[in-house]
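Some notes on the structure that comes next.
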2 protein chains.
Amino acid sequence: MQLDKQVAFHKTMGDPTRIKIVHLLSVGSLHVGAIAGKLGLTAPTISHHLNKLKECNLVYSRREKNTIYYFLNKKVLAHHSSVLERFTNQGEGKSEMSEKIMKEKQKVMNNFMEKNGRLKSIPAQQKKKLFLLEHMVDGLEVGTKYSEKEINEYIKQFHDDFATLRREFIIHQFMFRMNGIYEVNPREMWGSTPLYKQ
Amino acid sequence: MQLDKQVAFHKTMGDPTRIKIVHLLSVGSLHVGAIAGKLGLTAPTISHHLNKLKECNLVYSRREKNTIYYFLNKKVLAHHSSVLERFTNQGEGKSEMSEKIMKEKQKVMNNFMEKNGRLKSIPAQQKKKLFLLEHMVDGLEVGTKYSEKEINEYIKQFHDDFATLRREFIIHQFMFRMNGIYEVNPREMWGSTPLYKQ
DNA sequence: CATCTAATTAGATATATATCTAATTAAGAG
DNA sequence: CTCTTAATTAGATATATATCTAATTAGATG
């Protein structure tokens, strides 16, 4: 399973000595004794760590005469880097997204909004809902503090159920509330949906 | 220090429960009870893990009435992804590299090679040495098995000290040896120097 | 075959931590 | 102010693991 490998990788990297080893090997290959020397630890200890690194395919070794050189497997590192990155904009690539999304958003807008700008209804499907939330919050200014009353009035121009929508804004991080004062989050924080991740 | 944070991050991610939490939160925000339910664990346990995640800035929380929603901090994930990636082509970006490298390589070639194609000397500086090793190995075929004798003869056309050079080829992964038979590694494995990482 | 070198394995110890139950805190709602 | 709900903190337990020294293995060399 993908998940197990991911855990194993991070567990392996989650040790100061092993991270140091990876740093050292990222510059060039080294043998056990050399690593032990540089880190001030014994050979068995390094052997232990290299073994763990090997189990995750993070290093491989080649014997040269009596000494065994260890190499960093940079491909595997690159792989895990990309796995992490997929977390951040999970599902789809970014570059191809902009245009694709614009169309998708347009479609949702057409389906759920009256010509006068009000919502016909609040879509149940998360993605669609987020499109509409984004559209609505676009009319507010980042950096401005709004009272709850102001927010309610603002939302009412789109839909009568301002309480639900206000709550959605908060939950999906489009805005946040502090002591009854509302503020729009910067776009970079609209993180609940992958689509808007910058 | 950078290193400590890196270790802390991986240590935190190196736990199956926490990875699952990150997975869940990558889709959308959740409160403690919901996570506990989905994972079949108790609230205190989840609280414990969320706390660890918070210490690395991997999550943040917003209170909504009585329930506290947790959000994944995707920026931090992206950061660590890029840190990993820097391992793989440490030092420089890739795109700008090709042209820059070509020139650099050309310069090294001019300085260290005779007009007849033989090496004047073996440079001590790693980077330069790697350029020359690459050049030499370019004359061999990937997928072909060579005897040690053949390799020696081949190397001698560049330099008399074939033993040293042969050893360098191995150490820097340009080729590998098995039971006295030598073989050129595919280019993707020429990983000792960041320059040639694909 | 005997010896030397470098690495690994075995075994011991100390530290860290994931999880649970029970107790406590924090905030809303009546 | 009291009751309810959700979360955190405290404390206990069991498991995992980083490190060391000592013993063993694996190759290379003479």
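We label chains A, B, ... in the order they appear in the structure tokens, count residues from 1 in each chain, and number ligands from 1 in the order shown.
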
Counting only C-alpha atoms (C1' of nucleotides), what is within 8 Å of stretch 22-25 of chain B, bar same-chain residues fewer than 3 positions away, as a PyMOL selection string?
(chain A and resi 87) or (chain B and resi 18-19+28-30+35+70-72)

Mind writing the picked residues with C-alpha atoms as an mmCIF file, in the first residue's frame?
data_model
loop_
_atom_site.group_PDB
_atom_site.id
_atom_site.type_symbol
_atom_site.label_atom_id
_atom_site.label_comp_id
_atom_site.auth_asym_id
_atom_site.auth_seq_id
_atom_site.Cartn_x
_atom_site.Cartn_y
_atom_site.Cartn_z
ATOM 1 C CA PHE A 87 -0.969 16.607 -1.072
ATOM 2 C CA ARG B 18 -0.854 11.199 11.499
ATOM 3 C CA ILE B 19 -0.431 10.440 7.831
ATOM 4 C CA GLY B 28 -11.314 19.348 3.807
ATOM 5 C CA SER B 29 -11.389 20.523 7.383
ATOM 6 C CA LEU B 30 -12.616 18.279 10.179
ATOM 7 C CA ILE B 35 -11.336 12.341 12.793
ATOM 8 C CA TYR B 70 -8.658 21.609 11.925
ATOM 9 C CA PHE B 71 -7.180 22.598 8.589
ATOM 10 C CA LEU B 72 -4.189 21.311 6.743
#

Among stretch 119-154 of chain B, which residues carry a DSSP assignment of helix (DSSP H, G or I), reported as JSON, numbers by chain?
{"B": [126, 127, 128, 129, 130, 131, 132, 133, 134, 135, 136, 137, 148, 149, 150, 151, 152, 153, 154]}

Go ahead and save the picked residues with N, CA and C atoms, as a PDB file, in the first residue's frame.
ATOM      1  N   GLN B 126      36.279  17.872  -8.086  1.00  0.00           N
ATOM      2  CA  GLN B 126      35.276  16.856  -8.378  1.00  0.00           C
ATOM      3  C   GLN B 126      34.448  17.145  -9.625  1.00  0.00           C
ATOM      4  N   LYS B 127      33.952  18.337  -9.692  1.00  0.00           N
ATOM      5  CA  LYS B 127      33.055  18.689 -10.780  1.00  0.00           C
ATOM      6  C   LYS B 127      33.749  18.506 -12.132  1.00  0.00           C
ATOM      7  N   LYS B 128      34.946  19.010 -12.212  1.00  0.00           N
ATOM      8  CA  LYS B 128      35.699  18.907 -13.467  1.00  0.00           C
ATOM      9  C   LYS B 128      35.963  17.450 -13.819  1.00  0.00           C
ATOM     10  N   LYS B 129      36.331  16.716 -12.779  1.00  0.00           N
ATOM     11  CA  LYS B 129      36.608  15.305 -12.994  1.00  0.00           C
ATOM     12  C   LYS B 129      35.383  14.600 -13.561  1.00  0.00           C
ATOM     13  N   LEU B 130      34.238  14.953 -13.021  1.00  0.00           N
ATOM     14  CA  LEU B 130      33.009  14.292 -13.461  1.00  0.00           C
ATOM     15  C   LEU B 130      32.692  14.618 -14.915  1.00  0.00           C
ATOM     16  N   PHE B 131      32.962  15.829 -15.305  1.00  0.00           N
ATOM     17  CA  PHE B 131      32.758  16.182 -16.711  1.00  0.00           C
ATOM     18  C   PHE B 131      33.566  15.260 -17.604  1.00  0.00           C
ATOM     19  N   LEU B 132      34.826  15.068 -17.226  1.00  0.00           N
ATOM     20  CA  LEU B 132      35.708  14.253 -18.055  1.00  0.00           C
ATOM     21  C   LEU B 132      35.308  12.778 -18.019  1.00  0.00           C
ATOM     22  N   LEU B 133      34.920  12.320 -16.851  1.00  0.00           N
ATOM     23  CA  LEU B 133      34.479  10.925 -16.752  1.00  0.00           C
ATOM     24  C   LEU B 133      33.272  10.709 -17.658  1.00  0.00           C
ATOM     25  N   GLU B 134      32.399  11.660 -17.609  1.00  0.00           N
ATOM     26  CA  GLU B 134      31.209  11.532 -18.451  1.00  0.00           C
ATOM     27  C   GLU B 134      31.591  11.470 -19.919  1.00  0.00           C
ATOM     28  N   HIS B 135      32.471  12.373 -20.292  1.00  0.00           N
ATOM     29  CA  HIS B 135      32.904  12.394 -21.685  1.00  0.00           C
ATOM     30  C   HIS B 135      33.460  11.038 -22.114  1.00  0.00           C
ATOM     31  N   MET B 136      34.292  10.480 -21.257  1.00  0.00           N
ATOM     32  CA  MET B 136      34.927   9.215 -21.613  1.00  0.00           C
ATOM     33  C   MET B 136      33.919   8.086 -21.712  1.00  0.00           C
ATOM     34  N   VAL B 137      33.026   8.030 -20.744  1.00  0.00           N
ATOM     35  CA  VAL B 137      32.090   6.921 -20.715  1.00  0.00           C
ATOM     36  C   VAL B 137      31.084   7.023 -21.865  1.00  0.00           C
ATOM     37  N   GLU B 148      37.162  -6.630 -17.953  1.00  0.00           N
ATOM     38  CA  GLU B 148      38.055  -5.639 -17.354  1.00  0.00           C
ATOM     39  C   GLU B 148      39.130  -5.246 -18.350  1.00  0.00           C
ATOM     40  N   LYS B 149      39.601  -6.220 -19.093  1.00  0.00           N
ATOM     41  CA  LYS B 149      40.644  -5.945 -20.069  1.00  0.00           C
ATOM     42  C   LYS B 149      40.157  -4.929 -21.105  1.00  0.00           C
ATOM     43  N   GLU B 150      38.981  -5.142 -21.602  1.00  0.00           N
ATOM     44  CA  GLU B 150      38.426  -4.215 -22.592  1.00  0.00           C
ATOM     45  C   GLU B 150      38.313  -2.803 -22.019  1.00  0.00           C
ATOM     46  N   ILE B 151      37.825  -2.754 -20.798  1.00  0.00           N
ATOM     47  CA  ILE B 151      37.691  -1.443 -20.146  1.00  0.00           C
ATOM     48  C   ILE B 151      39.054  -0.769 -20.037  1.00  0.00           C
ATOM     49  N   ASN B 152      40.020  -1.543 -19.573  1.00  0.00           N
ATOM     50  CA  ASN B 152      41.373  -0.977 -19.431  1.00  0.00           C
ATOM     51  C   ASN B 152      41.873  -0.415 -20.753  1.00  0.00           C
ATOM     52  N   GLU B 153      41.732  -1.213 -21.775  1.00  0.00           N
ATOM     53  CA  GLU B 153      42.209  -0.765 -23.089  1.00  0.00           C
ATOM     54  C   GLU B 153      41.491   0.511 -23.516  1.00  0.00           C
ATOM     55  N   TYR B 154      40.207   0.499 -23.282  1.00  0.00           N
ATOM     56  CA  TYR B 154      39.415   1.665 -23.664  1.00  0.00           C
ATOM     57  C   TYR B 154      39.914   2.915 -22.937  1.00  0.00           C
TER      58      TYR B 154
END

Using only C-alpha atoms (C1' of nucleotides), which of the listed residues (D:DT4, D:DT13, D:DT25, D:DT19) sits closest to C:DT19?
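Closest residue, counting only C-alpha atoms (C1' of nucleotides): D:DT13.
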
Would you write out, as JSON lines, a table of all residues in chain B that have an atom no more than 10 Å from an atom of chain C, listing for each the closest atom pair and the distance in Å to one decimal, considering only C-alpha atoms (C1' of nucleotides) and ordering rows by chain and rising residue number?
{"residue": "B:Asp15", "atom": "CA", "partner": "C:DA18", "partner_atom": "C1'", "distance": 9.2}
{"residue": "B:Thr17", "atom": "CA", "partner": "C:DA18", "partner_atom": "C1'", "distance": 9.4}
{"residue": "B:Leu41", "atom": "CA", "partner": "C:DT19", "partner_atom": "C1'", "distance": 8.7}
{"residue": "B:Thr42", "atom": "CA", "partner": "C:DC20", "partner_atom": "C1'", "distance": 8.2}
{"residue": "B:Pro44", "atom": "CA", "partner": "C:DC20", "partner_atom": "C1'", "distance": 8.8}
{"residue": "B:Thr45", "atom": "CA", "partner": "C:DT19", "partner_atom": "C1'", "distance": 6.5}
{"residue": "B:Ile46", "atom": "CA", "partner": "C:DT19", "partner_atom": "C1'", "distance": 10.0}
{"residue": "B:His48", "atom": "CA", "partner": "C:DA18", "partner_atom": "C1'", "distance": 9.1}
{"residue": "B:His49", "atom": "CA", "partner": "C:DA18", "partner_atom": "C1'", "distance": 9.2}
{"residue": "B:Lys65", "atom": "CA", "partner": "C:DG28", "partner_atom": "C1'", "distance": 7.0}
{"residue": "B:Asn66", "atom": "CA", "partner": "C:DA27", "partner_atom": "C1'", "distance": 6.1}
{"residue": "B:Thr67", "atom": "CA", "partner": "C:DA27", "partner_atom": "C1'", "distance": 9.3}

Distance cut-off 8 Å, counting only C-alpha atoms (C1' of nucleotides) - which residues of chain D neighbour chain B? Return them as a ChimeraX atom specification.
/D:5-8

Could the residues in this selection be written to a file with C-alpha atoms (C1' of nucleotides), as a PDB file, in the first residue's frame?
ATOM      1  C1'  DT D   5     -20.907  19.209  24.419  1.00  0.00           C
ATOM      2  C1'  DA D   6     -16.323  18.977  22.647  1.00  0.00           C
ATOM      3  C1'  DA D   7     -11.490  19.152  23.547  1.00  0.00           C
ATOM      4  C1'  DT D   8      -7.520  18.892  26.227  1.00  0.00           C
TER       5       DT D   8
END

For atom CA of B:Gln2 and atom CA of A:Leu53, quote the distance in Å rounded to one decimal.
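Straight-line distance from atom CA of B:Gln2 to atom CA of A:Leu53 works out to 20.8 Å.
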
Determine, using only C-alpha atoms, which residues of chain B have any atom at most 9 Å from an atom of chain A, and tabulate each with its shortest atom pair and distance in Å to one decimal place, rows ordered by chain and then rising number, as a tab-separated table.
residue	atom	partner	partner_atom	distance
B:Leu3	CA	A:Pro16	CA	7.7
B:Asp4	CA	A:Pro16	CA	7.4
B:Gln6	CA	A:Gly14	CA	7.8
B:Val7	CA	A:Gly14	CA	4.8
B:Ala8	CA	A:Gly14	CA	6.5
B:Phe9	CA	A:Gly14	CA	7.1
B:His10	CA	A:Gly14	CA	4.3
B:Lys11	CA	A:Gly14	CA	3.9
B:Thr12	CA	A:Gly14	CA	7.5
B:Met13	CA	A:His10	CA	5.7
B:Gly14	CA	A:Lys11	CA	3.9
B:Asp15	CA	A:Val7	CA	5.8
B:Pro16	CA	A:Val7	CA	5.9
B:Ile19	CA	A:Val7	CA	6.9
B:Lys20	CA	A:Leu3	CA	8.2
B:Val22	CA	A:Phe87	CA	8.5
B:His23	CA	A:Phe87	CA	7.6
B:Leu25	CA	A:Ser192	CA	8.5
B:Ser26	CA	A:Phe87	CA	6.4
B:Val27	CA	A:Ser192	CA	6.8
B:Gly28	CA	A:Ser192	CA	5.2
B:Ser29	CA	A:Ser192	CA	6.9
B:Arg62	CA	A:Ile171	CA	8.0
B:Glu64	CA	A:Ile171	CA	7.9
B:Tyr69	CA	A:Ile171	CA	7.4
B:Phe71	CA	A:Ser192	CA	7.8
B:Leu72	CA	A:Gly191	CA	8.1
B:Asn73	CA	A:Gly191	CA	8.0
B:Lys74	CA	A:Thr88	CA	5.1
B:Lys75	CA	A:Thr88	CA	7.2
B:Val76	CA	A:Thr88	CA	9.0
B:Leu77	CA	A:Leu84	CA	6.5
B:Ala78	CA	A:Glu85	CA	5.7
B:His79	CA	A:Glu85	CA	8.9
B:His80	CA	A:Leu84	CA	7.9
B:Ser81	CA	A:Ser81	CA	4.7
B:Ser82	CA	A:Ser81	CA	6.9
B:Val83	CA	A:Ser81	CA	8.2
B:Leu84	CA	A:Ser81	CA	5.5
B:Glu85	CA	A:Ala78	CA	5.7
B:Arg86	CA	A:Ala78	CA	8.9
B:Phe87	CA	A:Ser26	CA	6.4
B:Thr88	CA	A:Lys74	CA	5.1
B:Asn89	CA	A:Lys74	CA	8.2
B:Gln90	CA	A:Ser26	CA	7.5
B:Arg167	CA	A:Glu64	CA	8.0
B:Ile170	CA	A:Glu64	CA	8.1
B:Ile171	CA	A:Ser29	CA	7.3
B:His172	CA	A:Ser29	CA	7.5
B:Gln173	CA	A:Phe71	CA	8.8
B:Phe176	CA	A:Arg62	CA	8.0
B:Arg177	CA	A:Arg62	CA	8.8
B:Glu188	CA	A:Lys75	CA	8.7
B:Met189	CA	A:Asn73	CA	8.6
B:Gly191	CA	A:Lys74	CA	7.2
B:Ser192	CA	A:Gly28	CA	5.3
B:Thr193	CA	A:Gly28	CA	7.2
B:Pro194	CA	A:Val27	CA	8.0
B:Lys197	CA	A:Lys74	CA	8.4

Point-to-point distance from atom CA of A:Asn51 to atom CA of A:Ala34, Å rounded to tenths:
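The value is 15.9 Å.
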
Quick one: distance from atom CA of B:Lys145 to atom CA of B:Glu183 in Å, one decimal?
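Computed distance, atom CA of B:Lys145 to atom CA of B:Glu183, equals 5.1 Å.
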